[in-house]
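Asker: Take this structure, written in structure tokens, and hold onto it; I'll ask about it next.
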Amino acid sequence: MSYDVDANNNAKPTIIAKLLNETANLHMKDRRPTYYELFFKGLSFIAVRMAFEIKEQLHPYDEVDVYTWTAEGKGATFFRCYSIERDGVEVVRAYSEWTVVNLNTGKLCHRDEIDLSNYEVDDIHELDTPVKFHFPSNLEFEKCGEHVVEYTDTDMNGHMNNTIYQNMIWDFVPDVEHKKLTAFSLRYMAEAPMGSTIEIYRAKAAEYDEGYYFKTIVGGKANTAALVRCEETERYTEVDGPNMA
């Protein structure tokens, strides 16, 4: 929608993440158990990793199809993949990892404890940008900002929703107003409760022409780690769609 895009008319990073997550939520709603059925039993899916690559930017009035499926997991890790298509062409490819936490005990549930037999299963997506990465030992991070977690950042788990981080981090890419996002790989390490302050640190990813590593800290502990890739962009001015002259 018109308010989902930035000054260059490209979809904001958080909007991509929300499209993916909401499709997963609807998949759960259709196939059961739903997110809410699990939640009110004291179980909650918690994001561990989310990575997506943007092959072509999304713009206002684009009509897209979003697909999702699960993949065979390991231990307490649940895998889910996604694809966004426009006019039958894949424009975004994505991968995620999740755990299920028992909200009463704080323990992780093994895959065998959650019946997902109604869910479609297919192969795991391969991405060009690493899903699992480590910060080079010689990185020099600089603090670039802070974010206070407000009520509207949070979800039913009481901490900042996993789709809020993408915009927060993207804002601190240097010269961001002249960039377009091409890949975002994010690892979630600890929650950020309402009222907490997230400290944001940035370092150049030397292995990419336009790439940056980010780490966020909450209460002195690692909160997230991210790899962001981008390219120079020009302002997108062609907007067409239903009932547009």
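Chain labels follow the order of the structure tokens: the first chain is A, the next B, and so on; residue numbering restarts at 1 in every chain, and ligands are counted from 1 in their shown order.
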Under the rule of at most 12 Å, produce a per-residue listing of range 123-235 of chain A near range 70-76 of chain A: chain, number, name, the closest pair of atoms, and the distance in Å, as a Markdown table, using only C-alpha atoms.

Answerer:
| residue | atom | partner | partner_atom | distance |
| --- | --- | --- | --- | --- |
| A:Asp123 | CA | A:Ala71 | CA | 6.0 |
| A:Ile124 | CA | A:Ala71 | CA | 6.0 |
| A:His125 | CA | A:Ala71 | CA | 9.3 |

Asker: Tell me, as a JSON list (two decimals) with all heavy atoms, in the first residue's frame, which residues lie within 12 Å of Ile46 in chain A, counting only C-alpha atoms; anything in the same chain fewer than 3 positions away does not count.

Answerer:
[["chain", "number", "residue", "atom", "x", "y", "z"],
["A", 21, "ASN", "N", 5.48, -13.17, 7.44],
["A", 21, "ASN", "CA", 4.96, -13.69, 8.70],
["A", 21, "ASN", "C", 3.45, -13.86, 8.69],
["A", 21, "ASN", "O", 2.91, -14.81, 9.26],
["A", 21, "ASN", "CB", 5.38, -12.78, 9.86],
["A", 21, "ASN", "CG", 6.74, -13.15, 10.41],
["A", 21, "ASN", "OD1", 7.42, -14.02, 9.87],
["A", 21, "ASN", "ND2", 7.15, -12.48, 11.46],
["A", 35, "TYR", "N", -1.65, -20.35, 15.46],
["A", 35, "TYR", "CA", -0.76, -19.68, 16.40],
["A", 35, "TYR", "C", -1.47, -19.48, 17.74],
["A", 35, "TYR", "O", -0.90, -19.69, 18.81],
["A", 35, "TYR", "CB", -0.30, -18.34, 15.83],
["A", 35, "TYR", "CG", 0.55, -17.53, 16.78],
["A", 35, "TYR", "CD1", 1.92, -17.73, 16.85],
["A", 35, "TYR", "CD2", -0.02, -16.59, 17.65],
["A", 35, "TYR", "CE1", 2.71, -17.00, 17.74],
["A", 35, "TYR", "CE2", 0.75, -15.87, 18.54],
["A", 35, "TYR", "CZ", 2.11, -16.08, 18.58],
["A", 35, "TYR", "OH", 2.89, -15.37, 19.47],
["A", 38, "LEU", "N", -2.05, -22.62, 19.92],
["A", 38, "LEU", "CA", -0.82, -22.95, 20.66],
["A", 38, "LEU", "C", -0.59, -21.95, 21.79],
["A", 38, "LEU", "O", -0.26, -22.34, 22.92],
["A", 38, "LEU", "CB", 0.37, -22.96, 19.71],
["A", 38, "LEU", "CG", 0.43, -24.09, 18.68],
["A", 38, "LEU", "CD1", 1.58, -23.87, 17.71],
["A", 38, "LEU", "CD2", 0.58, -25.44, 19.37],
["A", 39, "PHE", "N", -0.78, -20.67, 21.49],
["A", 39, "PHE", "CA", -0.48, -19.64, 22.48],
["A", 39, "PHE", "C", -1.32, -19.81, 23.74],
["A", 39, "PHE", "O", -0.80, -19.70, 24.86],
["A", 39, "PHE", "CB", -0.72, -18.25, 21.88],
["A", 39, "PHE", "CG", -0.29, -17.12, 22.78],
["A", 39, "PHE", "CD1", 1.03, -16.69, 22.80],
["A", 39, "PHE", "CD2", -1.21, -16.50, 23.62],
["A", 39, "PHE", "CE1", 1.43, -15.65, 23.64],
["A", 39, "PHE", "CE2", -0.82, -15.47, 24.46],
["A", 39, "PHE", "CZ", 0.51, -15.05, 24.47],
["A", 43, "LEU", "N", 2.06, -22.21, 24.65],
["A", 43, "LEU", "CA", 3.16, -22.46, 23.72],
["A", 43, "LEU", "C", 3.25, -21.32, 22.71],
["A", 43, "LEU", "O", 2.23, -20.81, 22.25],
["A", 43, "LEU", "CB", 2.95, -23.79, 22.98],
["A", 43, "LEU", "CG", 2.74, -25.03, 23.84],
["A", 43, "LEU", "CD1", 2.41, -26.22, 22.95],
["A", 43, "LEU", "CD2", 3.98, -25.32, 24.68],
["A", 49, "ARG", "N", 15.85, -17.13, 13.37],
["A", 49, "ARG", "CA", 16.50, -16.51, 12.21],
["A", 49, "ARG", "C", 15.45, -16.18, 11.16],
["A", 49, "ARG", "O", 14.49, -16.92, 10.97],
["A", 49, "ARG", "CB", 17.55, -17.44, 11.58],
["A", 49, "ARG", "CG", 18.81, -17.60, 12.40],
["A", 49, "ARG", "CD", 19.84, -18.44, 11.63],
["A", 49, "ARG", "NE", 21.12, -18.46, 12.32],
["A", 49, "ARG", "CZ", 21.45, -19.33, 13.26],
["A", 49, "ARG", "NH1", 20.58, -20.27, 13.61],
["A", 49, "ARG", "NH2", 22.63, -19.29, 13.84],
["A", 50, "MET", "N", 15.66, -15.07, 10.47],
["A", 50, "MET", "CA", 14.87, -14.75, 9.28],
["A", 50, "MET", "C", 15.78, -14.08, 8.28],
["A", 50, "MET", "O", 16.48, -13.11, 8.61],
["A", 50, "MET", "CB", 13.67, -13.85, 9.60],
["A", 50, "MET", "CG", 12.93, -13.42, 8.34],
["A", 50, "MET", "SD", 11.37, -12.57, 8.64],
["A", 50, "MET", "CE", 10.32, -13.98, 8.98],
["A", 76, "ALA", "N", 14.79, -29.12, 18.25],
["A", 76, "ALA", "CA", 13.78, -28.14, 18.66],
["A", 76, "ALA", "C", 13.65, -27.00, 17.65],
["A", 76, "ALA", "O", 13.03, -25.98, 17.95],
["A", 76, "ALA", "CB", 14.13, -27.59, 20.04],
["A", 77, "THR", "N", 14.23, -27.17, 16.46],
["A", 77, "THR", "CA", 14.20, -26.12, 15.44],
["A", 77, "THR", "C", 13.18, -26.44, 14.36],
["A", 77, "THR", "O", 13.16, -27.55, 13.82],
["A", 77, "THR", "CB", 15.59, -25.94, 14.80],
["A", 77, "THR", "OG1", 16.55, -25.66, 15.83],
["A", 77, "THR", "CG2", 15.58, -24.79, 13.81],
["A", 78, "PHE", "N", 12.35, -25.45, 14.05],
["A", 78, "PHE", "CA", 11.33, -25.57, 13.01],
["A", 78, "PHE", "C", 11.74, -24.68, 11.84],
["A", 78, "PHE", "O", 12.05, -23.50, 12.05],
["A", 78, "PHE", "CB", 9.97, -25.13, 13.55],
["A", 78, "PHE", "CG", 9.44, -25.97, 14.69],
["A", 78, "PHE", "CD1", 9.97, -25.84, 15.97],
["A", 78, "PHE", "CD2", 8.42, -26.88, 14.50],
["A", 78, "PHE", "CE1", 9.48, -26.59, 17.03],
["A", 78, "PHE", "CE2", 7.92, -27.65, 15.55],
["A", 78, "PHE", "CZ", 8.46, -27.51, 16.81],
["A", 79, "PHE", "N", 11.73, -25.23, 10.63],
["A", 79, "PHE", "CA", 12.12, -24.48, 9.44],
["A", 79, "PHE", "C", 10.88, -24.06, 8.65],
["A", 79, "PHE", "O", 9.93, -24.82, 8.53],
["A", 79, "PHE", "CB", 13.01, -25.31, 8.53],
["A", 79, "PHE", "CG", 14.31, -25.74, 9.17],
["A", 79, "PHE", "CD1", 14.88, -26.97, 8.84],
["A", 79, "PHE", "CD2", 14.95, -24.95, 10.09],
["A", 79, "PHE", "CE1", 16.07, -27.37, 9.41],
["A", 79, "PHE", "CE2", 16.15, -25.35, 10.68],
["A", 79, "PHE", "CZ", 16.71, -26.56, 10.34],
["A", 96, "SER", "N", 13.37, -19.03, 7.24],
["A", 96, "SER", "CA", 13.33, -18.70, 8.67],
["A", 96, "SER", "C", 13.48, -19.94, 9.53],
["A", 96, "SER", "O", 13.21, -21.06, 9.08],
["A", 96, "SER", "CB", 12.02, -17.98, 9.02],
["A", 96, "SER", "OG", 10.91, -18.83, 8.76],
["A", 97, "GLU", "N", 13.91, -19.73, 10.76],
["A", 97, "GLU", "CA", 14.00, -20.78, 11.77],
["A", 97, "GLU", "C", 13.26, -20.32, 13.02],
["A", 97, "GLU", "O", 13.33, -19.14, 13.39],
["A", 97, "GLU", "CB", 15.46, -21.08, 12.13],
["A", 97, "GLU", "CG", 16.27, -21.68, 11.00],
["A", 97, "GLU", "CD", 17.71, -21.97, 11.41],
["A", 97, "GLU", "OE1", 18.02, -21.87, 12.62],
["A", 97, "GLU", "OE2", 18.52, -22.30, 10.53],
["A", 98, "TRP", "N", 12.58, -21.27, 13.67],
["A", 98, "TRP", "CA", 11.76, -20.97, 14.83],
["A", 98, "TRP", "C", 11.96, -22.02, 15.90],
["A", 98, "TRP", "O", 12.33, -23.16, 15.60],
["A", 98, "TRP", "CB", 10.28, -20.94, 14.44],
["A", 98, "TRP", "CG", 9.96, -19.98, 13.34],
["A", 98, "TRP", "CD1", 10.20, -20.15, 12.00],
["A", 98, "TRP", "CD2", 9.36, -18.70, 13.47],
["A", 98, "TRP", "NE1", 9.79, -19.06, 11.30],
["A", 98, "TRP", "CE2", 9.26, -18.15, 12.16],
["A", 98, "TRP", "CE3", 8.88, -17.97, 14.57],
["A", 98, "TRP", "CZ2", 8.71, -16.89, 11.94],
["A", 98, "TRP", "CZ3", 8.32, -16.72, 14.34],
["A", 98, "TRP", "CH2", 8.25, -16.19, 13.03],
["A", 99, "THR", "N", 11.68, -21.63, 17.12],
["A", 99, "THR", "CA", 11.54, -22.59, 18.21],
["A", 99, "THR", "C", 10.16, -22.40, 18.83],
["A", 99, "THR", "O", 9.52, -21.35, 18.65],
["A", 99, "THR", "CB", 12.60, -22.38, 19.31],
["A", 99, "THR", "OG1", 12.49, -21.06, 19.83],
["A", 99, "THR", "CG2", 14.00, -22.61, 18.76],
["A", 100, "VAL", "N", 9.70, -23.41, 19.54],
["A", 100, "VAL", "CA", 8.45, -23.29, 20.29],
["A", 100, "VAL", "C", 8.81, -23.33, 21.77],
["A", 100, "VAL", "O", 9.44, -24.28, 22.25],
["A", 100, "VAL", "CB", 7.47, -24.43, 19.95],
["A", 100, "VAL", "CG1", 6.24, -24.34, 20.84],
["A", 100, "VAL", "CG2", 7.05, -24.34, 18.48],
["A", 101, "VAL", "N", 8.42, -22.27, 22.47],
["A", 101, "VAL", "CA", 8.75, -22.13, 23.89],
["A", 101, "VAL", "C", 7.51, -22.41, 24.73],
["A", 101, "VAL", "O", 6.41, -21.93, 24.42],
["A", 101, "VAL", "CB", 9.27, -20.71, 24.19],
["A", 101, "VAL", "CG1", 9.53, -20.54, 25.68],
["A", 101, "VAL", "CG2", 10.55, -20.45, 23.39],
["A", 102, "ASN", "N", 7.69, -23.21, 25.78],
["A", 102, "ASN", "CA", 6.64, -23.39, 26.78],
["A", 102, "ASN", "C", 6.67, -22.15, 27.67],
["A", 102, "ASN", "O", 7.64, -21.93, 28.41],
["A", 102, "ASN", "CB", 6.87, -24.66, 27.58],
["A", 102, "ASN", "CG", 5.75, -24.96, 28.55],
["A", 102, "ASN", "OD1", 5.31, -24.09, 29.29],
["A", 102, "ASN", "ND2", 5.29, -26.21, 28.56],
["A", 103, "LEU", "N", 5.64, -21.33, 27.59],
["A", 103, "LEU", "CA", 5.63, -20.06, 28.31],
["A", 103, "LEU", "C", 5.56, -20.24, 29.82],
["A", 103, "LEU", "O", 5.89, -19.32, 30.57],
["A", 103, "LEU", "CB", 4.44, -19.21, 27.84],
["A", 103, "LEU", "CG", 4.46, -18.85, 26.34],
["A", 103, "LEU", "CD1", 3.17, -18.13, 25.97],
["A", 103, "LEU", "CD2", 5.67, -18.00, 26.00],
["A", 106, "GLY", "N", 9.45, -22.09, 30.31],
["A", 106, "GLY", "CA", 10.58, -21.48, 29.63],
["A", 106, "GLY", "C", 11.41, -22.46, 28.82],
["A", 106, "GLY", "O", 12.41, -22.08, 28.22],
["A", 107, "LYS", "N", 10.99, -23.72, 28.78],
["A", 107, "LYS", "CA", 11.75, -24.74, 28.05],
["A", 107, "LYS", "C", 11.31, -24.81, 26.59],
["A", 107, "LYS", "O", 10.17, -24.47, 26.25],
["A", 107, "LYS", "CB", 11.56, -26.11, 28.71],
["A", 107, "LYS", "CG", 12.15, -26.19, 30.11],
["A", 107, "LYS", "CD", 11.97, -27.59, 30.71],
["A", 107, "LYS", "CE", 12.58, -27.68, 32.09],
["A", 107, "LYS", "NZ", 12.41, -29.04, 32.69],
["A", 108, "LEU", "N", 12.23, -25.28, 25.73],
["A", 108, "LEU", "CA", 11.92, -25.46, 24.32],
["A", 108, "LEU", "C", 11.23, -26.79, 24.09],
["A", 108, "LEU", "O", 11.51, -27.78, 24.77],
["A", 108, "LEU", "CB", 13.20, -25.41, 23.49],
["A", 108, "LEU", "CG", 14.03, -24.12, 23.56],
["A", 108, "LEU", "CD1", 15.24, -24.23, 22.64],
["A", 108, "LEU", "CD2", 13.19, -22.91, 23.20],
["A", 109, "CYS", "N", 10.32, -26.80, 23.13],
["A", 109, "CYS", "CA", 9.61, -28.03, 22.78],
["A", 109, "CYS", "C", 10.31, -28.72, 21.61],
["A", 109, "CYS", "O", 10.75, -28.06, 20.66],
["A", 109, "CYS", "CB", 8.17, -27.72, 22.37],
["A", 109, "CYS", "SG", 7.17, -26.99, 23.68],
["A", 155, "ASP", "N", 4.27, -7.49, 20.89],
["A", 155, "ASP", "CA", 3.21, -8.42, 20.51],
["A", 155, "ASP", "C", 2.72, -9.15, 21.76],
["A", 155, "ASP", "O", 3.02, -8.75, 22.89],
["A", 155, "ASP", "CB", 3.70, -9.40, 19.43],
["A", 155, "ASP", "CG", 4.95, -10.16, 19.83],
["A", 155, "ASP", "OD1", 5.17, -10.35, 21.06],
["A", 155, "ASP", "OD2", 5.71, -10.60, 18.95],
["A", 156, "MET", "N", 1.98, -10.25, 21.56],
["A", 156, "MET", "CA", 1.37, -10.95, 22.69],
["A", 156, "MET", "C", 2.40, -11.60, 23.61],
["A", 156, "MET", "O", 2.08, -11.96, 24.74],
["A", 156, "MET", "CB", 0.39, -12.01, 22.18],
["A", 156, "MET", "CG", -0.84, -11.41, 21.51],
["A", 156, "MET", "SD", -1.93, -12.66, 20.80],
["A", 156, "MET", "CE", -2.52, -13.48, 22.29],
["A", 157, "ASN", "N", 3.63, -11.74, 23.13],
["A", 157, "ASN", "CA", 4.68, -12.29, 23.98],
["A", 157, "ASN", "C", 5.28, -11.23, 24.91],
["A", 157, "ASN", "O", 6.11, -11.56, 25.76],
["A", 157, "ASN", "CB", 5.79, -12.90, 23.12],
["A", 157, "ASN", "CG", 5.34, -14.16, 22.43],
["A", 157, "ASN", "OD1", 4.84, -15.07, 23.06],
["A", 157, "ASN", "ND2", 5.51, -14.22, 21.11],
["A", 158, "GLY", "N", 4.89, -9.97, 24.72],
["A", 158, "GLY", "CA", 5.35, -8.92, 25.61],
["A", 158, "GLY", "C", 6.69, -8.33, 25.26],
["A", 158, "GLY", "O", 7.23, -7.52, 26.02],
["A", 159, "HIS", "N", 7.24, -8.72, 24.10],
["A", 159, "HIS", "CA", 8.51, -8.11, 23.68],
["A", 159, "HIS", "C", 8.40, -7.61, 22.25],
["A", 159, "HIS", "O", 7.38, -7.82, 21.58],
["A", 159, "HIS", "CB", 9.67, -9.11, 23.82],
["A", 159, "HIS", "CG", 9.46, -10.40, 23.12],
["A", 159, "HIS", "ND1", 9.47, -10.53, 21.74],
["A", 159, "HIS", "CD2", 9.22, -11.66, 23.60],
["A", 159, "HIS", "CE1", 9.27, -11.80, 21.40],
["A", 159, "HIS", "NE2", 9.10, -12.49, 22.52],
["A", 160, "MET", "N", 9.42, -6.91, 21.78],
["A", 160, "MET", "CA", 9.36, -6.31, 20.45],
["A", 160, "MET", "C", 9.16, -7.39, 19.40],
["A", 160, "MET", "O", 9.89, -8.38, 19.37],
["A", 160, "MET", "CB", 10.61, -5.49, 20.15],
["A", 160, "MET", "CG", 10.45, -4.62, 18.90],
["A", 160, "MET", "SD", 11.57, -3.23, 18.85],
["A", 160, "MET", "CE", 12.85, -3.86, 17.79],
["A", 161, "ASN", "N", 8.16, -7.19, 18.54],
["A", 161, "ASN", "CA", 7.85, -8.17, 17.52],
["A", 161, "ASN", "C", 9.01, -8.31, 16.54],
["A", 161, "ASN", "O", 9.71, -7.33, 16.24],
["A", 161, "ASN", "CB", 6.58, -7.75, 16.78],
["A", 161, "ASN", "CG", 6.16, -8.76, 15.74],
["A", 161, "ASN", "OD1", 6.48, -8.62, 14.57],
["A", 161, "ASN", "ND2", 5.43, -9.78, 16.17],
["A", 162, "ASN", "N", 9.19, -9.53, 16.02],
["A", 162, "ASN", "CA", 10.35, -9.78, 15.16],
["A", 162, "ASN", "C", 10.32, -9.01, 13.84],
["A", 162, "ASN", "O", 11.36, -8.88, 13.19],
["A", 162, "ASN", "CB", 10.50, -11.29, 14.90],
["A", 162, "ASN", "CG", 9.36, -11.87, 14.12],
["A", 162, "ASN", "OD1", 9.25, -11.69, 12.91],
["A", 162, "ASN", "ND2", 8.49, -12.59, 14.79],
["A", 163, "THR", "N", 9.16, -8.47, 13.44],
["A", 163, "THR", "CA", 9.10, -7.71, 12.19],
["A", 163, "THR", "C", 9.45, -6.23, 12.38],
["A", 163, "THR", "O", 9.53, -5.49, 11.39],
["A", 163, "THR", "CB", 7.71, -7.80, 11.56],
["A", 163, "THR", "OG1", 6.75, -7.15, 12.41],
["A", 163, "THR", "CG2", 7.29, -9.23, 11.31],
["A", 187, "ARG", "N", 19.51, -12.66, 12.95],
["A", 187, "ARG", "CA", 19.44, -13.67, 13.99],
["A", 187, "ARG", "C", 18.92, -13.03, 15.26],
["A", 187, "ARG", "O", 19.42, -11.99, 15.71],
["A", 187, "ARG", "CB", 20.82, -14.26, 14.26],
["A", 187, "ARG", "CG", 20.80, -15.33, 15.36],
["A", 187, "ARG", "CD", 22.18, -15.80, 15.74],
["A", 187, "ARG", "NE", 22.12, -16.75, 16.84],
["A", 187, "ARG", "CZ", 23.17, -17.13, 17.57],
["A", 187, "ARG", "NH1", 24.37, -16.66, 17.30],
["A", 187, "ARG", "NH2", 23.04, -17.99, 18.56],
["A", 188, "TYR", "N", 17.88, -13.64, 15.83],
["A", 188, "TYR", "CA", 17.29, -13.16, 17.08],
["A", 188, "TYR", "C", 17.91, -13.95, 18.23],
["A", 188, "TYR", "O", 17.86, -15.18, 18.24],
["A", 188, "TYR", "CB", 15.79, -13.36, 17.07],
["A", 188, "TYR", "CG", 15.09, -12.70, 15.89],
["A", 188, "TYR", "CD1", 14.84, -13.42, 14.73],
["A", 188, "TYR", "CD2", 14.67, -11.38, 15.96],
["A", 188, "TYR", "CE1", 14.19, -12.84, 13.65],
["A", 188, "TYR", "CE2", 14.02, -10.78, 14.89],
["A", 188, "TYR", "CZ", 13.78, -11.52, 13.73],
["A", 188, "TYR", "OH", 13.14, -10.93, 12.67],
["A", 189, "MET", "N", 18.47, -13.25, 19.20],
["A", 189, "MET", "CA", 19.22, -13.91, 20.26],
["A", 189, "MET", "C", 18.57, -13.76, 21.64],
["A", 189, "MET", "O", 18.72, -14.63, 22.49],
["A", 189, "MET", "CB", 20.65, -13.37, 20.27],
["A", 189, "MET", "CG", 21.34, -13.54, 18.92],
["A", 189, "MET", "SD", 22.85, -12.57, 18.72],
["A", 189, "MET", "CE", 23.96, -13.50, 19.76],
["A", 190, "ALA", "N", 17.90, -12.65, 21.87],
["A", 190, "ALA", "CA", 17.24, -12.42, 23.16],
["A", 190, "ALA", "C", 16.13, -11.40, 22.95],
["A", 190, "ALA", "O", 16.19, -10.59, 22.03],
["A", 190, "ALA", "CB", 18.23, -11.94, 24.23],
["A", 191, "GLU", "N", 15.13, -11.44, 23.80],
["A", 191, "GLU", "CA", 13.98, -10.55, 23.63],
["A", 191, "GLU", "C", 14.30, -9.14, 24.10],
["A", 191, "GLU", "O", 15.25, -8.90, 24.86],
["A", 191, "GLU", "CB", 12.79, -11.10, 24.42],
["A", 191, "GLU", "CG", 13.01, -11.15, 25.91],
["A", 191, "GLU", "CD", 11.84, -11.79, 26.64],
["A", 191, "GLU", "OE1", 11.13, -12.62, 26.04],
["A", 191, "GLU", "OE2", 11.65, -11.46, 27.82]]

Asker: So that I can check the secondary structure, give me every residue of range 55-183 of chain A assigned alpha helix (DSSP H) by backbone DSSP, as a VMD selection string.

Answerer: chain A and resid 165 to 170

Asker: Quick one: residues within 10 Å of Trp170 in chain A, only C-alpha atoms, excluding same-chain residues fewer than 5 positions away - as a PyMOL selection string?

Answerer: chain A and resi 12-14+165+176+179+181+184+212+214+228-230

Asker: Next, write the just-selected residues to a file, as a CSV table (one decimal), in the first residue's frame, keeping C-alpha atoms as the atom set.

Answerer:
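As written to disk, out_5.csv reads:
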chain,number,residue,atom,x,y,z
A,12,LYS,CA,10.1,-1.0,3.6
A,13,PRO,CA,12.0,-3.9,5.0
A,14,THR,CA,9.5,-4.5,7.8
A,165,TYR,CA,13.7,-4.9,13.8
A,176,VAL,CA,20.0,5.0,3.3
A,179,LYS,CA,19.8,2.8,-1.2
A,181,LEU,CA,17.6,-3.2,0.1
A,184,PHE,CA,18.5,-9.0,5.1
A,212,TYR,CA,26.9,-3.8,6.8
A,214,PHE,CA,24.7,-4.8,12.8
A,228,VAL,CA,22.3,-6.1,5.5
A,229,ARG,CA,23.1,-5.8,1.8
A,230,CYS,CA,22.0,-3.0,-0.5

Asker: Env of range 128-143 of chain A: 10 Å cut, atoms = only C-alpha atoms, seq-sep filter 4 positions within chain, self excluded. Answer as a ChimeraX atom specification.

Answerer: /A:49-53,94-97,182-187,199-206,213-216,225-229

Asker: Under the rule that only C-alpha atoms are counted, which of A:Phe172, A:Ile164, A:Lys41, A:Asn118 is the nearest residue to Asn104 in chain A?

Answerer: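 When distances to Asn104 in chain A are compared using only C-alpha atoms, the smallest one comes from A:Lys41.
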
Asker: What's the separation between CA of Asp171 in chain A and CA of Tyr67 in chain A, in Å to one decimal place?

Answerer: 27.8 Å

Asker: Just want the 6 Å neighbourhood of Val92 in chain A, counted on only C-alpha atoms, with same-chain residues fewer than 3 positions away dropped. Output as a PyMOL selection string.

Answerer: chain A and resi 53-55+83-84

Asker: Emit the selected residues as a PDB file, in the first residue's frame, including N, CA and C atoms.

Answerer:
ATOM      1  N   GLU A  53      15.921 -12.304   0.473  1.00  0.00           N
ATOM      2  CA  GLU A  53      16.608 -11.633  -0.623  1.00  0.00           C
ATOM      3  C   GLU A  53      15.570 -11.024  -1.550  1.00  0.00           C
ATOM      4  N   ILE A  54      15.796  -9.775  -1.922  1.00  0.00           N
ATOM      5  CA  ILE A  54      14.879  -9.064  -2.799  1.00  0.00           C
ATOM      6  C   ILE A  54      15.495  -9.019  -4.196  1.00  0.00           C
ATOM      7  N   LYS A  55      14.897  -9.738  -5.117  1.00  0.00           N
ATOM      8  CA  LYS A  55      15.387  -9.751  -6.497  1.00  0.00           C
ATOM      9  C   LYS A  55      14.897  -8.525  -7.258  1.00  0.00           C
ATOM     10  N   SER A  83       8.132 -17.553  -0.568  1.00  0.00           N
ATOM     11  CA  SER A  83       8.409 -16.981  -1.878  1.00  0.00           C
ATOM     12  C   SER A  83       7.343 -15.949  -2.187  1.00  0.00           C
ATOM     13  N   ILE A  84       7.763 -14.771  -2.651  1.00  0.00           N
ATOM     14  CA  ILE A  84       6.819 -13.743  -3.094  1.00  0.00           C
ATOM     15  C   ILE A  84       6.949 -13.625  -4.609  1.00  0.00           C
TER      16      ILE A  84
END

Asker: Considering only C-alpha atoms, state which residue in the set A:Pro193, A:Cys81, A:Asp4, A:Thr233 is at the smallest distance from Thr152 in chain A.

Answerer: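 Ranking A:Pro193, A:Cys81, A:Asp4, A:Thr233 by distance to Thr152 in chain A, first place goes to A:Pro193.
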